[in-house]
Amino acid sequence: MATAIVTGSSSGIGKAIVQMLLEENYSVIGISRTPGSIHHPSFTHIPCDLRQISEIEGLKKLPTNDLALLVNAAGFG
């Protein structure tokens, strides 16, 4: 199973992309400040505020061996 990482996964376009990828049988790692409402066995939420460099450092530990997609959908309103 291929893996996708999606930023901004808790709402809006990011959430819609996560749902589409799950339907296409991807394993999805969602990165956002809040967990949102996606509950699926192939979805993992990683809490992270991408505005904070100290939090971004923790993302270096994400598994990337099967990484097929990176979708940057995080926005700042």
# chains A, B, ... in the order shown; residues from 1 in each chain; ligands from 1

call {"tool": "select_by_dssp", "arguments": {"residues": "range 8-68 of chain A", "states": "helix (DSSP H, G or I)", "output": "list in words"}}
result
Gly12, Ile13, Gly14, Lys15, Ala16, Ile17, Val18, Gln19, Met20, Leu21, Leu22, Glu23, Ile53, Ser54, Glu55, Ile56, Glu57, Gly58, Leu59, Lys60 and Lys61 of chain A

call {"tool": "write_last_selection", "arguments": {"atoms": "N, CA, C and O atoms", "output": "PDB file, in the first residue's frame"}}
result
ATOM      1  N   GLY A  12     -11.432  21.345   4.922  1.00  0.00           N
ATOM      2  CA  GLY A  12     -11.319  21.930   3.591  1.00  0.00           C
ATOM      3  C   GLY A  12     -10.759  20.992   2.536  1.00  0.00           C
ATOM      4  O   GLY A  12     -11.053  19.795   2.507  1.00  0.00           O
ATOM      5  N   ILE A  13      -9.933  21.549   1.665  1.00  0.00           N
ATOM      6  CA  ILE A  13      -9.358  20.790   0.557  1.00  0.00           C
ATOM      7  C   ILE A  13      -8.493  19.639   1.066  1.00  0.00           C
ATOM      8  O   ILE A  13      -8.530  18.541   0.523  1.00  0.00           O
ATOM      9  N   GLY A  14      -7.724  19.881   2.123  1.00  0.00           N
ATOM     10  CA  GLY A  14      -6.878  18.824   2.673  1.00  0.00           C
ATOM     11  C   GLY A  14      -7.689  17.622   3.116  1.00  0.00           C
ATOM     12  O   GLY A  14      -7.332  16.474   2.824  1.00  0.00           O
ATOM     13  N   LYS A  15      -8.801  17.859   3.802  1.00  0.00           N
ATOM     14  CA  LYS A  15      -9.662  16.768   4.253  1.00  0.00           C
ATOM     15  C   LYS A  15     -10.256  16.026   3.067  1.00  0.00           C
ATOM     16  O   LYS A  15     -10.301  14.793   3.048  1.00  0.00           O
ATOM     17  N   ALA A  16     -10.690  16.759   2.049  1.00  0.00           N
ATOM     18  CA  ALA A  16     -11.265  16.132   0.858  1.00  0.00           C
ATOM     19  C   ALA A  16     -10.229  15.269   0.141  1.00  0.00           C
ATOM     20  O   ALA A  16     -10.542  14.170  -0.341  1.00  0.00           O
ATOM     21  N   ILE A  17      -9.001  15.740   0.080  1.00  0.00           N
ATOM     22  CA  ILE A  17      -7.932  14.967  -0.557  1.00  0.00           C
ATOM     23  C   ILE A  17      -7.651  13.694   0.237  1.00  0.00           C
ATOM     24  O   ILE A  17      -7.466  12.620  -0.339  1.00  0.00           O
ATOM     25  N   VAL A  18      -7.625  13.794   1.560  1.00  0.00           N
ATOM     26  CA  VAL A  18      -7.417  12.607   2.403  1.00  0.00           C
ATOM     27  C   VAL A  18      -8.504  11.579   2.117  1.00  0.00           C
ATOM     28  O   VAL A  18      -8.212  10.388   1.912  1.00  0.00           O
ATOM     29  N   GLN A  19      -9.755  12.011   2.085  1.00  0.00           N
ATOM     30  CA  GLN A  19     -10.858  11.081   1.847  1.00  0.00           C
ATOM     31  C   GLN A  19     -10.735  10.422   0.473  1.00  0.00           C
ATOM     32  O   GLN A  19     -10.963   9.217   0.326  1.00  0.00           O
ATOM     33  N   MET A  20     -10.346  11.185  -0.541  1.00  0.00           N
ATOM     34  CA  MET A  20     -10.170  10.639  -1.879  1.00  0.00           C
ATOM     35  C   MET A  20      -9.045   9.604  -1.891  1.00  0.00           C
ATOM     36  O   MET A  20      -9.190   8.528  -2.480  1.00  0.00           O
ATOM     37  N   LEU A  21      -7.923   9.917  -1.237  1.00  0.00           N
ATOM     38  CA  LEU A  21      -6.792   9.001  -1.204  1.00  0.00           C
ATOM     39  C   LEU A  21      -7.132   7.710  -0.459  1.00  0.00           C
ATOM     40  O   LEU A  21      -6.716   6.619  -0.859  1.00  0.00           O
ATOM     41  N   LEU A  22      -7.900   7.816   0.621  1.00  0.00           N
ATOM     42  CA  LEU A  22      -8.322   6.626   1.354  1.00  0.00           C
ATOM     43  C   LEU A  22      -9.196   5.735   0.476  1.00  0.00           C
ATOM     44  O   LEU A  22      -9.082   4.505   0.500  1.00  0.00           O
ATOM     45  N   GLU A  23     -10.062   6.344  -0.324  1.00  0.00           N
ATOM     46  CA  GLU A  23     -10.902   5.581  -1.261  1.00  0.00           C
ATOM     47  C   GLU A  23     -10.060   4.884  -2.327  1.00  0.00           C
ATOM     48  O   GLU A  23     -10.456   3.849  -2.858  1.00  0.00           O
ATOM     49  N   ILE A  53       8.761  26.053  13.894  1.00  0.00           N
ATOM     50  CA  ILE A  53       9.921  25.271  13.461  1.00  0.00           C
ATOM     51  C   ILE A  53      10.203  24.123  14.429  1.00  0.00           C
ATOM     52  O   ILE A  53      10.551  23.020  14.008  1.00  0.00           O
ATOM     53  N   SER A  54      10.031  24.357  15.711  1.00  0.00           N
ATOM     54  CA  SER A  54      10.305  23.298  16.689  1.00  0.00           C
ATOM     55  C   SER A  54       9.393  22.088  16.485  1.00  0.00           C
ATOM     56  O   SER A  54       9.804  20.952  16.707  1.00  0.00           O
ATOM     57  N   GLU A  55       8.174  22.300  16.033  1.00  0.00           N
ATOM     58  CA  GLU A  55       7.256  21.189  15.781  1.00  0.00           C
ATOM     59  C   GLU A  55       7.595  20.481  14.473  1.00  0.00           C
ATOM     60  O   GLU A  55       7.434  19.265  14.355  1.00  0.00           O
ATOM     61  N   ILE A  56       8.064  21.209  13.497  1.00  0.00           N
ATOM     62  CA  ILE A  56       8.414  20.633  12.202  1.00  0.00           C
ATOM     63  C   ILE A  56       9.570  19.647  12.354  1.00  0.00           C
ATOM     64  O   ILE A  56       9.635  18.630  11.666  1.00  0.00           O
ATOM     65  N   GLU A  57      10.481  19.904  13.262  1.00  0.00           N
ATOM     66  CA  GLU A  57      11.619  19.016  13.490  1.00  0.00           C
ATOM     67  C   GLU A  57      11.154  17.588  13.780  1.00  0.00           C
ATOM     68  O   GLU A  57      11.787  16.624  13.364  1.00  0.00           O
ATOM     69  N   GLY A  58      10.035  17.435  14.482  1.00  0.00           N
ATOM     70  CA  GLY A  58       9.510  16.113  14.816  1.00  0.00           C
ATOM     71  C   GLY A  58       9.039  15.324  13.602  1.00  0.00           C
ATOM     72  O   GLY A  58       8.937  14.103  13.646  1.00  0.00           O
ATOM     73  N   LEU A  59       8.774  15.997  12.501  1.00  0.00           N
ATOM     74  CA  LEU A  59       8.300  15.321  11.298  1.00  0.00           C
ATOM     75  C   LEU A  59       9.396  14.534  10.593  1.00  0.00           C
ATOM     76  O   LEU A  59       9.120  13.693   9.742  1.00  0.00           O
ATOM     77  N   LYS A  60      10.633  14.775  10.961  1.00  0.00           N
ATOM     78  CA  LYS A  60      11.749  14.042  10.354  1.00  0.00           C
ATOM     79  C   LYS A  60      11.667  12.550  10.642  1.00  0.00           C
ATOM     80  O   LYS A  60      12.279  11.749   9.948  1.00  0.00           O
ATOM     81  N   LYS A  61      10.908  12.175  11.653  1.00  0.00           N
ATOM     82  CA  LYS A  61      10.803  10.776  12.057  1.00  0.00           C
ATOM     83  C   LYS A  61       9.701  10.021  11.317  1.00  0.00           C
ATOM     84  O   LYS A  61       9.500   8.836  11.550  1.00  0.00           O
TER      85      LYS A  61
END

call {"tool": "residues_around", "arguments": {"residues": "Gly8 in chain A", "least_positions_apart": "2", "cutoff": "10 Å", "atoms": "only C-alpha atoms", "output": "PyMOL selection string"}}
result
chain A and resi 5-6+10-15+17-18+30-36+48-50+71-76

call {"tool": "write_last_selection", "arguments": {"atoms": "N, CA and C atoms", "output": "mmCIF file, in the first residue's frame"}}
result
data_model
loop_
_atom_site.group_PDB
_atom_site.id
_atom_site.type_symbol
_atom_site.label_atom_id
_atom_site.label_comp_id
_atom_site.auth_asym_id
_atom_site.auth_seq_id
_atom_site.Cartn_x
_atom_site.Cartn_y
_atom_site.Cartn_z
ATOM 1 N N ILE A 5 1.306 11.727 2.360
ATOM 2 C CA ILE A 5 1.300 12.687 3.459
ATOM 3 C C ILE A 5 0.524 13.900 2.977
ATOM 4 N N VAL A 6 -0.443 14.343 3.794
ATOM 5 C CA VAL A 6 -1.274 15.495 3.441
ATOM 6 C C VAL A 6 -1.237 16.488 4.589
ATOM 7 N N SER A 10 -7.240 18.372 8.366
ATOM 8 C CA SER A 10 -8.403 18.378 9.256
ATOM 9 C C SER A 10 -9.640 19.030 8.653
ATOM 10 N N SER A 11 -9.486 19.806 7.576
ATOM 11 C CA SER A 11 -10.663 20.463 6.998
ATOM 12 C C SER A 11 -10.383 20.910 5.560
ATOM 13 N N GLY A 12 -11.432 21.345 4.922
ATOM 14 C CA GLY A 12 -11.319 21.930 3.591
ATOM 15 C C GLY A 12 -10.759 20.992 2.536
ATOM 16 N N ILE A 13 -9.933 21.549 1.665
ATOM 17 C CA ILE A 13 -9.358 20.790 0.557
ATOM 18 C C ILE A 13 -8.493 19.639 1.066
ATOM 19 N N GLY A 14 -7.724 19.881 2.123
ATOM 20 C CA GLY A 14 -6.878 18.824 2.673
ATOM 21 C C GLY A 14 -7.689 17.622 3.116
ATOM 22 N N LYS A 15 -8.801 17.859 3.802
ATOM 23 C CA LYS A 15 -9.662 16.768 4.253
ATOM 24 C C LYS A 15 -10.256 16.026 3.067
ATOM 25 N N ILE A 17 -9.001 15.740 0.080
ATOM 26 C CA ILE A 17 -7.932 14.967 -0.557
ATOM 27 C C ILE A 17 -7.651 13.694 0.237
ATOM 28 N N VAL A 18 -7.625 13.794 1.560
ATOM 29 C CA VAL A 18 -7.417 12.607 2.403
ATOM 30 C C VAL A 18 -8.504 11.579 2.117
ATOM 31 N N GLY A 30 -1.939 12.332 7.969
ATOM 32 C CA GLY A 30 -2.460 13.689 7.941
ATOM 33 C C GLY A 30 -1.759 14.556 8.963
ATOM 34 N N ILE A 31 -1.326 15.726 8.523
ATOM 35 C CA ILE A 31 -0.636 16.659 9.407
ATOM 36 C C ILE A 31 -1.488 17.917 9.520
ATOM 37 N N SER A 32 -1.870 18.249 10.754
ATOM 38 C CA SER A 32 -2.641 19.465 10.994
ATOM 39 C C SER A 32 -2.592 19.799 12.477
ATOM 40 N N ARG A 33 -2.994 21.029 12.794
ATOM 41 C CA ARG A 33 -2.990 21.447 14.197
ATOM 42 C C ARG A 33 -4.055 20.719 14.999
ATOM 43 N N THR A 34 -5.208 20.463 14.378
ATOM 44 C CA THR A 34 -6.314 19.796 15.064
ATOM 45 C C THR A 34 -6.597 18.455 14.388
ATOM 46 N N PRO A 35 -7.119 17.477 15.142
ATOM 47 C CA PRO A 35 -7.291 16.151 14.575
ATOM 48 C C PRO A 35 -8.363 16.029 13.496
ATOM 49 N N GLY A 36 -9.381 16.867 13.517
ATOM 50 C CA GLY A 36 -10.439 16.732 12.516
ATOM 51 C C GLY A 36 -11.325 15.542 12.812
ATOM 52 N N CYS A 48 0.592 18.912 14.363
ATOM 53 C CA CYS A 48 1.754 19.760 14.105
ATOM 54 C C CYS A 48 1.281 21.118 13.607
ATOM 55 N N ASP A 49 1.817 22.164 14.182
ATOM 56 C CA ASP A 49 1.594 23.521 13.701
ATOM 57 C C ASP A 49 2.780 23.861 12.809
ATOM 58 N N LEU A 50 2.565 23.878 11.508
ATOM 59 C CA LEU A 50 3.653 24.086 10.553
ATOM 60 C C LEU A 50 4.270 25.479 10.631
ATOM 61 N N VAL A 71 1.120 16.092 -0.373
ATOM 62 C CA VAL A 71 0.171 17.134 -0.748
ATOM 63 C C VAL A 71 0.210 18.217 0.319
ATOM 64 N N ASN A 72 0.643 19.393 -0.073
ATOM 65 C CA ASN A 72 0.674 20.531 0.851
ATOM 66 C C ASN A 72 -0.603 21.345 0.689
ATOM 67 N N ALA A 73 -1.569 21.081 1.572
ATOM 68 C CA ALA A 73 -2.860 21.760 1.494
ATOM 69 C C ALA A 73 -3.111 22.645 2.716
ATOM 70 N N ALA A 74 -2.104 22.811 3.568
ATOM 71 C CA ALA A 74 -2.270 23.649 4.756
ATOM 72 C C ALA A 74 -2.377 25.100 4.332
ATOM 73 N N GLY A 75 -3.298 25.795 4.959
ATOM 74 C CA GLY A 75 -3.475 27.203 4.661
ATOM 75 C C GLY A 75 -3.431 28.035 5.920
ATOM 76 N N PHE A 76 -3.366 29.316 5.744
ATOM 77 C CA PHE A 76 -3.335 30.248 6.875
ATOM 78 C C PHE A 76 -4.385 31.306 6.611
#

call {"tool": "decode", "arguments": {"residues": "range 44-75 of chain A", "atoms": "N, CA, C and O atoms", "output": "PDB file, in the first residue's frame"}}
result
ATOM      1  N   THR A  44      -3.566   8.113   9.739  1.00  0.00           N
ATOM      2  CA  THR A  44      -2.868   8.474  10.973  1.00  0.00           C
ATOM      3  C   THR A  44      -2.750   9.984  11.029  1.00  0.00           C
ATOM      4  O   THR A  44      -2.283  10.608  10.070  1.00  0.00           O
ATOM      5  N   HIS A  45      -3.184  10.571  12.139  1.00  0.00           N
ATOM      6  CA  HIS A  45      -3.063  12.018  12.313  1.00  0.00           C
ATOM      7  C   HIS A  45      -1.808  12.339  13.113  1.00  0.00           C
ATOM      8  O   HIS A  45      -1.549  11.729  14.155  1.00  0.00           O
ATOM      9  N   ILE A  46      -1.040  13.295  12.620  1.00  0.00           N
ATOM     10  CA  ILE A  46       0.128  13.802  13.340  1.00  0.00           C
ATOM     11  C   ILE A  46      -0.152  15.269  13.677  1.00  0.00           C
ATOM     12  O   ILE A  46      -0.269  16.101  12.767  1.00  0.00           O
ATOM     13  N   PRO A  47      -0.303  15.596  14.970  1.00  0.00           N
ATOM     14  CA  PRO A  47      -0.544  16.995  15.315  1.00  0.00           C
ATOM     15  C   PRO A  47       0.729  17.824  15.114  1.00  0.00           C
ATOM     16  O   PRO A  47       1.798  17.456  15.602  1.00  0.00           O
ATOM     17  N   CYS A  48       0.592  18.912  14.363  1.00  0.00           N
ATOM     18  CA  CYS A  48       1.754  19.760  14.105  1.00  0.00           C
ATOM     19  C   CYS A  48       1.281  21.118  13.607  1.00  0.00           C
ATOM     20  O   CYS A  48       0.440  21.211  12.711  1.00  0.00           O
ATOM     21  N   ASP A  49       1.817  22.164  14.182  1.00  0.00           N
ATOM     22  CA  ASP A  49       1.594  23.521  13.701  1.00  0.00           C
ATOM     23  C   ASP A  49       2.780  23.861  12.809  1.00  0.00           C
ATOM     24  O   ASP A  49       3.893  24.074  13.286  1.00  0.00           O
ATOM     25  N   LEU A  50       2.565  23.878  11.508  1.00  0.00           N
ATOM     26  CA  LEU A  50       3.653  24.086  10.553  1.00  0.00           C
ATOM     27  C   LEU A  50       4.270  25.479  10.631  1.00  0.00           C
ATOM     28  O   LEU A  50       5.290  25.735  10.003  1.00  0.00           O
ATOM     29  N   ARG A  51       3.670  26.364  11.430  1.00  0.00           N
ATOM     30  CA  ARG A  51       4.258  27.694  11.638  1.00  0.00           C
ATOM     31  C   ARG A  51       5.372  27.655  12.679  1.00  0.00           C
ATOM     32  O   ARG A  51       6.124  28.614  12.827  1.00  0.00           O
ATOM     33  N   GLN A  52       5.483  26.529  13.392  1.00  0.00           N
ATOM     34  CA  GLN A  52       6.448  26.416  14.484  1.00  0.00           C
ATOM     35  C   GLN A  52       7.597  25.497  14.078  1.00  0.00           C
ATOM     36  O   GLN A  52       7.418  24.288  13.948  1.00  0.00           O
ATOM     37  N   ILE A  53       8.761  26.053  13.894  1.00  0.00           N
ATOM     38  CA  ILE A  53       9.921  25.271  13.461  1.00  0.00           C
ATOM     39  C   ILE A  53      10.203  24.123  14.429  1.00  0.00           C
ATOM     40  O   ILE A  53      10.551  23.020  14.008  1.00  0.00           O
ATOM     41  N   SER A  54      10.031  24.357  15.711  1.00  0.00           N
ATOM     42  CA  SER A  54      10.305  23.298  16.689  1.00  0.00           C
ATOM     43  C   SER A  54       9.393  22.088  16.485  1.00  0.00           C
ATOM     44  O   SER A  54       9.804  20.952  16.707  1.00  0.00           O
ATOM     45  N   GLU A  55       8.174  22.300  16.033  1.00  0.00           N
ATOM     46  CA  GLU A  55       7.256  21.189  15.781  1.00  0.00           C
ATOM     47  C   GLU A  55       7.595  20.481  14.473  1.00  0.00           C
ATOM     48  O   GLU A  55       7.434  19.265  14.355  1.00  0.00           O
ATOM     49  N   ILE A  56       8.064  21.209  13.497  1.00  0.00           N
ATOM     50  CA  ILE A  56       8.414  20.633  12.202  1.00  0.00           C
ATOM     51  C   ILE A  56       9.570  19.647  12.354  1.00  0.00           C
ATOM     52  O   ILE A  56       9.635  18.630  11.666  1.00  0.00           O
ATOM     53  N   GLU A  57      10.481  19.904  13.262  1.00  0.00           N
ATOM     54  CA  GLU A  57      11.619  19.016  13.490  1.00  0.00           C
ATOM     55  C   GLU A  57      11.154  17.588  13.780  1.00  0.00           C
ATOM     56  O   GLU A  57      11.787  16.624  13.364  1.00  0.00           O
ATOM     57  N   GLY A  58      10.035  17.435  14.482  1.00  0.00           N
ATOM     58  CA  GLY A  58       9.510  16.113  14.816  1.00  0.00           C
ATOM     59  C   GLY A  58       9.039  15.324  13.602  1.00  0.00           C
ATOM     60  O   GLY A  58       8.937  14.103  13.646  1.00  0.00           O
ATOM     61  N   LEU A  59       8.774  15.997  12.501  1.00  0.00           N
ATOM     62  CA  LEU A  59       8.300  15.321  11.298  1.00  0.00           C
ATOM     63  C   LEU A  59       9.396  14.534  10.593  1.00  0.00           C
ATOM     64  O   LEU A  59       9.120  13.693   9.742  1.00  0.00           O
ATOM     65  N   LYS A  60      10.633  14.775  10.961  1.00  0.00           N
ATOM     66  CA  LYS A  60      11.749  14.042  10.354  1.00  0.00           C
ATOM     67  C   LYS A  60      11.667  12.550  10.642  1.00  0.00           C
ATOM     68  O   LYS A  60      12.279  11.749   9.948  1.00  0.00           O
ATOM     69  N   LYS A  61      10.908  12.175  11.653  1.00  0.00           N
ATOM     70  CA  LYS A  61      10.803  10.776  12.057  1.00  0.00           C
ATOM     71  C   LYS A  61       9.701  10.021  11.317  1.00  0.00           C
ATOM     72  O   LYS A  61       9.500   8.836  11.550  1.00  0.00           O
ATOM     73  N   LEU A  62       8.981  10.687  10.424  1.00  0.00           N
ATOM     74  CA  LEU A  62       7.901  10.015   9.698  1.00  0.00           C
ATOM     75  C   LEU A  62       8.456   8.930   8.786  1.00  0.00           C
ATOM     76  O   LEU A  62       9.502   9.106   8.166  1.00  0.00           O
ATOM     77  N   PRO A  63       7.728   7.805   8.678  1.00  0.00           N
ATOM     78  CA  PRO A  63       8.186   6.748   7.763  1.00  0.00           C
ATOM     79  C   PRO A  63       8.014   7.201   6.314  1.00  0.00           C
ATOM     80  O   PRO A  63       6.955   7.687   5.926  1.00  0.00           O
ATOM     81  N   THR A  64       9.052   7.042   5.521  1.00  0.00           N
ATOM     82  CA  THR A  64       8.980   7.500   4.130  1.00  0.00           C
ATOM     83  C   THR A  64       9.344   6.403   3.128  1.00  0.00           C
ATOM     84  O   THR A  64       9.464   6.678   1.947  1.00  0.00           O
ATOM     85  N   ASN A  65       9.477   5.158   3.573  1.00  0.00           N
ATOM     86  CA  ASN A  65       9.903   4.103   2.658  1.00  0.00           C
ATOM     87  C   ASN A  65       8.877   3.824   1.557  1.00  0.00           C
ATOM     88  O   ASN A  65       9.265   3.441   0.469  1.00  0.00           O
ATOM     89  N   ASP A  66       7.592   3.982   1.793  1.00  0.00           N
ATOM     90  CA  ASP A  66       6.574   3.764   0.768  1.00  0.00           C
ATOM     91  C   ASP A  66       5.904   5.072   0.360  1.00  0.00           C
ATOM     92  O   ASP A  66       4.785   5.060  -0.158  1.00  0.00           O
ATOM     93  N   LEU A  67       6.553   6.193   0.587  1.00  0.00           N
ATOM     94  CA  LEU A  67       5.945   7.487   0.302  1.00  0.00           C
ATOM     95  C   LEU A  67       5.780   7.678  -1.202  1.00  0.00           C
ATOM     96  O   LEU A  67       6.736   7.635  -1.962  1.00  0.00           O
ATOM     97  N   ALA A  68       4.526   7.872  -1.617  1.00  0.00           N
ATOM     98  CA  ALA A  68       4.217   8.065  -3.031  1.00  0.00           C
ATOM     99  C   ALA A  68       3.790   9.501  -3.325  1.00  0.00           C
ATOM    100  O   ALA A  68       4.027  10.001  -4.422  1.00  0.00           O
ATOM    101  N   LEU A  69       3.156  10.158  -2.347  1.00  0.00           N
ATOM    102  CA  LEU A  69       2.620  11.503  -2.559  1.00  0.00           C
ATOM    103  C   LEU A  69       2.851  12.395  -1.351  1.00  0.00           C
ATOM    104  O   LEU A  69       2.781  11.948  -0.211  1.00  0.00           O
ATOM    105  N   LEU A  70       3.080  13.661  -1.637  1.00  0.00           N
ATOM    106  CA  LEU A  70       3.089  14.701  -0.619  1.00  0.00           C
ATOM    107  C   LEU A  70       2.189  15.809  -1.125  1.00  0.00           C
ATOM    108  O   LEU A  70       2.404  16.367  -2.206  1.00  0.00           O
ATOM    109  N   VAL A  71       1.120  16.092  -0.373  1.00  0.00           N
ATOM    110  CA  VAL A  71       0.171  17.134  -0.748  1.00  0.00           C
ATOM    111  C   VAL A  71       0.210  18.217   0.319  1.00  0.00           C
ATOM    112  O   VAL A  71      -0.131  17.970   1.461  1.00  0.00           O
ATOM    113  N   ASN A  72       0.643  19.393  -0.073  1.00  0.00           N
ATOM    114  CA  ASN A  72       0.674  20.531   0.851  1.00  0.00           C
ATOM    115  C   ASN A  72      -0.603  21.345   0.689  1.00  0.00           C
ATOM    116  O   ASN A  72      -0.711  22.154  -0.229  1.00  0.00           O
ATOM    117  N   ALA A  73      -1.569  21.081   1.572  1.00  0.00           N
ATOM    118  CA  ALA A  73      -2.860  21.760   1.494  1.00  0.00           C
ATOM    119  C   ALA A  73      -3.111  22.645   2.716  1.00  0.00           C
ATOM    120  O   ALA A  73      -4.210  23.154   2.888  1.00  0.00           O
ATOM    121  N   ALA A  74      -2.104  22.811   3.568  1.00  0.00           N
ATOM    122  CA  ALA A  74      -2.270  23.649   4.756  1.00  0.00           C
ATOM    123  C   ALA A  74      -2.377  25.100   4.332  1.00  0.00           C
ATOM    124  O   ALA A  74      -1.671  25.560   3.444  1.00  0.00           O
ATOM    125  N   GLY A  75      -3.298  25.795   4.959  1.00  0.00           N
ATOM    126  CA  GLY A  75      -3.475  27.203   4.661  1.00  0.00           C
ATOM    127  C   GLY A  75      -3.431  28.035   5.920  1.00  0.00           C
ATOM    128  O   GLY A  75      -3.460  27.519   7.033  1.00  0.00           O
TER     129      GLY A  75
END
